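Asks: Got a structure here, written out as structure tokens. Questions coming.
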Amino acid sequence: MTPFLQLSNLEELSLITLHGFHLDPDDIAVLGKSFPKLSKLELQPRPQLSFRLGIQATSLIDFAKAFPNLRGLNMYIEPIYSPLQLPWRSTEERSQAQAQAFPSFNPSAFQVLDVGSSFLEDKDIQDMAELLGVLCRNPSFEIRCEGDAMDSEDSAYAWRKVEALVKLVQGAERDTTKPCHEWCRALILDNVVIGEGEKGTIVHVV
């Protein structure tokens, strides 16, 4: 990536890697400082790779901080193995969350999150919808994903549910007496029904 970091006027960057990769918050901050005008970023591992890395879901917060002009992000999101550690839920940051808003993508610019073949289970739909409901405020926002392969059909359906919940948040009248994240989470919880199936937790959007 070093040669690319010198292209400060770059507006679009698309890379397909031959190996798995991982971007942590520090990496994302460096990219943001190097490409302040970037409006589209595509960084995906080669589809044939059986073992892929990318970013943790919560690193989307770091992308919102680093890229104020971003219109589209195509990024592989790593599977979620434990409940998302959303910063506004943590005890040590709760008072800070009350005092100031967490970053969001530019609502007049950011429209597309392409997660490719990123794996998502129903058990993680509510957390992911809360995260994106706080970060993505453009009414034209959409999630794109691959759903052709048999092993990705369930995951694509889960991403569709997330998108439906985010659009629900965007279309609702905001309760300004509560912090955005609290209002967003309450609205999502009021509009899902959780059940159990053969494959585990099933989330229905009502």
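Identifiers in this document derive from the order of the structure tokens: chains are assigned A, B, ..., residues are numbered from 1 separately in each chain, and ligands are numbered from 1 in order of occurrence.
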Excluding same-chain residues fewer than 2 positions from A:Ala109, what lies within 6 Å of it counting only C-alpha atoms, as number ranges by chain?
Replies: A: 71, 106-107
Asks: Would you pick out the contacts of A:Gly195 at 12 Å or less, using only C-alpha atoms, so that residues sharing its chain but fewer than 6 positions from it are not included, and give the list as a CSV table (one decimal) with N, CA, C and O atoms, in the first residue's frame?
Replies:
```
chain,number,residue,atom,x,y,z
A,122,ASP,N,-28.3,-14.5,11.9
A,122,ASP,CA,-29.5,-13.8,12.4
A,122,ASP,C,-29.3,-13.2,13.8
A,122,ASP,O,-29.8,-12.2,14.2
A,123,LYS,N,-28.5,-13.9,14.6
A,123,LYS,CA,-28.3,-13.5,16.0
A,123,LYS,C,-27.6,-12.1,16.1
A,123,LYS,O,-27.6,-11.4,17.1
A,201,THR,N,-30.9,-18.9,16.3
A,201,THR,CA,-31.7,-17.7,16.5
A,201,THR,C,-32.3,-17.3,15.1
A,201,THR,O,-31.5,-17.2,14.1
A,202,ILE,N,-33.6,-16.9,15.1
A,202,ILE,CA,-34.2,-16.4,13.9
A,202,ILE,C,-34.8,-15.1,14.2
A,202,ILE,O,-35.5,-14.9,15.2
A,203,VAL,N,-34.5,-14.1,13.4
A,203,VAL,CA,-35.0,-12.7,13.6
A,203,VAL,C,-36.0,-12.4,12.5
A,203,VAL,O,-35.7,-12.5,11.3
A,204,HIS,N,-37.2,-12.0,12.9
A,204,HIS,CA,-38.2,-11.5,11.9
A,204,HIS,C,-38.4,-10.0,12.1
A,204,HIS,O,-38.6,-9.6,13.2
A,205,VAL,N,-38.4,-9.3,11.0
A,205,VAL,CA,-38.7,-7.9,11.0
A,205,VAL,C,-40.2,-7.7,10.8
A,205,VAL,O,-40.7,-8.2,9.8
```
Asks: Please extract the residues of chain A with a backbone DSSP assignment of strand (DSSP E or B) and present them as a PyMOL selection string.
Replies: chain A and resi 12-17+40-45+55+72-75+77+112-116+142-145+192-197+200-205
Asks: Taking only C-alpha atoms into account, which of A:Leu60, A:Leu31, A:Ile16, A:Ile80 comes nearest A:Gln44?
Replies: A:Ile16
Asks: Would you mind listing what lies within 12 Å of A:Asp190 as a list in words, with only C-alpha atoms counted and same-chain residues fewer than 6 positions away left out?
Replies: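 Residues meeting the cut-off are Gln126, Leu165, Leu168, Val169, Trp183, Cys184, His204, Val205 and Val206 of chain A.
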Asks: Let me see the file: selected residues, all heavy atoms, as a PDB file, in the first residue's frame.
Replies:
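Wrote again-v3.pdb, looks like this:
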```pdb
ATOM      1  N   GLN A 126     -29.661  -7.532  15.003  1.00  0.00           N
ATOM      2  CA  GLN A 126     -30.036  -6.354  15.787  1.00  0.00           C
ATOM      3  C   GLN A 126     -28.843  -5.446  16.059  1.00  0.00           C
ATOM      4  O   GLN A 126     -28.939  -4.225  15.913  1.00  0.00           O
ATOM      5  CB  GLN A 126     -30.666  -6.794  17.112  1.00  0.00           C
ATOM      6  CG  GLN A 126     -32.012  -7.479  16.963  1.00  0.00           C
ATOM      7  CD  GLN A 126     -32.406  -8.202  18.224  1.00  0.00           C
ATOM      8  OE1 GLN A 126     -32.079  -9.368  18.410  1.00  0.00           O
ATOM      9  NE2 GLN A 126     -33.090  -7.511  19.112  1.00  0.00           N
ATOM     10  N   LEU A 165     -34.183  -2.758   8.640  1.00  0.00           N
ATOM     11  CA  LEU A 165     -34.227  -2.104   9.950  1.00  0.00           C
ATOM     12  C   LEU A 165     -33.575  -0.722   9.900  1.00  0.00           C
ATOM     13  O   LEU A 165     -34.054   0.223  10.539  1.00  0.00           O
ATOM     14  CB  LEU A 165     -33.550  -2.985  10.996  1.00  0.00           C
ATOM     15  CG  LEU A 165     -34.328  -4.236  11.404  1.00  0.00           C
ATOM     16  CD1 LEU A 165     -33.457  -5.164  12.242  1.00  0.00           C
ATOM     17  CD2 LEU A 165     -35.597  -3.864  12.171  1.00  0.00           C
ATOM     18  N   LEU A 168     -35.950   1.578   8.395  1.00  0.00           N
ATOM     19  CA  LEU A 168     -36.988   1.873   9.378  1.00  0.00           C
ATOM     20  C   LEU A 168     -36.538   3.005  10.300  1.00  0.00           C
ATOM     21  O   LEU A 168     -37.297   3.938  10.584  1.00  0.00           O
ATOM     22  CB  LEU A 168     -37.290   0.616  10.197  1.00  0.00           C
ATOM     23  CG  LEU A 168     -38.276   0.779  11.354  1.00  0.00           C
ATOM     24  CD1 LEU A 168     -39.683   0.985  10.829  1.00  0.00           C
ATOM     25  CD2 LEU A 168     -38.228  -0.446  12.263  1.00  0.00           C
ATOM     26  N   VAL A 169     -35.298   2.927  10.752  1.00  0.00           N
ATOM     27  CA  VAL A 169     -34.739   3.972  11.614  1.00  0.00           C
ATOM     28  C   VAL A 169     -34.707   5.308  10.874  1.00  0.00           C
ATOM     29  O   VAL A 169     -35.091   6.350  11.414  1.00  0.00           O
ATOM     30  CB  VAL A 169     -33.322   3.582  12.082  1.00  0.00           C
ATOM     31  CG1 VAL A 169     -32.629   4.763  12.763  1.00  0.00           C
ATOM     32  CG2 VAL A 169     -33.382   2.384  13.020  1.00  0.00           C
ATOM     33  N   TRP A 183     -32.258   5.695  21.226  1.00  0.00           N
ATOM     34  CA  TRP A 183     -33.504   5.748  20.458  1.00  0.00           C
ATOM     35  C   TRP A 183     -33.491   4.711  19.340  1.00  0.00           C
ATOM     36  O   TRP A 183     -34.483   4.001  19.113  1.00  0.00           O
ATOM     37  CB  TRP A 183     -33.678   7.153  19.882  1.00  0.00           C
ATOM     38  CG  TRP A 183     -34.748   7.237  18.843  1.00  0.00           C
ATOM     39  CD1 TRP A 183     -36.097   7.286  19.048  1.00  0.00           C
ATOM     40  CD2 TRP A 183     -34.556   7.246  17.419  1.00  0.00           C
ATOM     41  NE1 TRP A 183     -36.763   7.328  17.840  1.00  0.00           N
ATOM     42  CE2 TRP A 183     -35.846   7.311  16.828  1.00  0.00           C
ATOM     43  CE3 TRP A 183     -33.439   7.216  16.594  1.00  0.00           C
ATOM     44  CZ2 TRP A 183     -36.028   7.337  15.446  1.00  0.00           C
ATOM     45  CZ3 TRP A 183     -33.623   7.245  15.222  1.00  0.00           C
ATOM     46  CH2 TRP A 183     -34.900   7.305  14.663  1.00  0.00           C
ATOM     47  N   CYS A 184     -32.358   4.606  18.656  1.00  0.00           N
ATOM     48  CA  CYS A 184     -32.211   3.668  17.543  1.00  0.00           C
ATOM     49  C   CYS A 184     -32.398   2.227  18.022  1.00  0.00           C
ATOM     50  O   CYS A 184     -33.145   1.451  17.414  1.00  0.00           O
ATOM     51  CB  CYS A 184     -30.834   3.856  16.905  1.00  0.00           C
ATOM     52  SG  CYS A 184     -30.487   2.752  15.528  1.00  0.00           S
ATOM     53  N   HIS A 204     -37.199 -11.975  12.869  1.00  0.00           N
ATOM     54  CA  HIS A 204     -38.206 -11.541  11.903  1.00  0.00           C
ATOM     55  C   HIS A 204     -38.414 -10.040  12.067  1.00  0.00           C
ATOM     56  O   HIS A 204     -38.588  -9.557  13.185  1.00  0.00           O
ATOM     57  CB  HIS A 204     -39.529 -12.271  12.122  1.00  0.00           C
ATOM     58  CG  HIS A 204     -39.438 -13.758  11.985  1.00  0.00           C
ATOM     59  ND1 HIS A 204     -39.404 -14.394  10.760  1.00  0.00           N
ATOM     60  CD2 HIS A 204     -39.359 -14.735  12.926  1.00  0.00           C
ATOM     61  CE1 HIS A 204     -39.315 -15.701  10.942  1.00  0.00           C
ATOM     62  NE2 HIS A 204     -39.287 -15.937  12.250  1.00  0.00           N
ATOM     63  N   VAL A 205     -38.393  -9.324  10.962  1.00  0.00           N
ATOM     64  CA  VAL A 205     -38.667  -7.888  10.989  1.00  0.00           C
ATOM     65  C   VAL A 205     -40.160  -7.689  10.790  1.00  0.00           C
ATOM     66  O   VAL A 205     -40.735  -8.187   9.818  1.00  0.00           O
ATOM     67  CB  VAL A 205     -37.880  -7.155   9.885  1.00  0.00           C
ATOM     68  CG1 VAL A 205     -38.185  -5.661   9.914  1.00  0.00           C
ATOM     69  CG2 VAL A 205     -36.385  -7.395  10.059  1.00  0.00           C
ATOM     70  N   VAL A 206     -40.794  -6.978  11.717  1.00  0.00           N
ATOM     71  CA  VAL A 206     -42.251  -6.797  11.639  1.00  0.00           C
ATOM     72  C   VAL A 206     -42.593  -5.474  10.973  1.00  0.00           C
ATOM     73  O   VAL A 206     -41.759  -4.597  10.836  1.00  0.00           O
ATOM     74  CB  VAL A 206     -42.872  -6.858  13.048  1.00  0.00           C
ATOM     75  CG1 VAL A 206     -42.628  -8.225  13.651  1.00  0.00           C
ATOM     76  CG2 VAL A 206     -42.308  -5.771  13.960  1.00  0.00           C
TER      77      VAL A 206
END
```
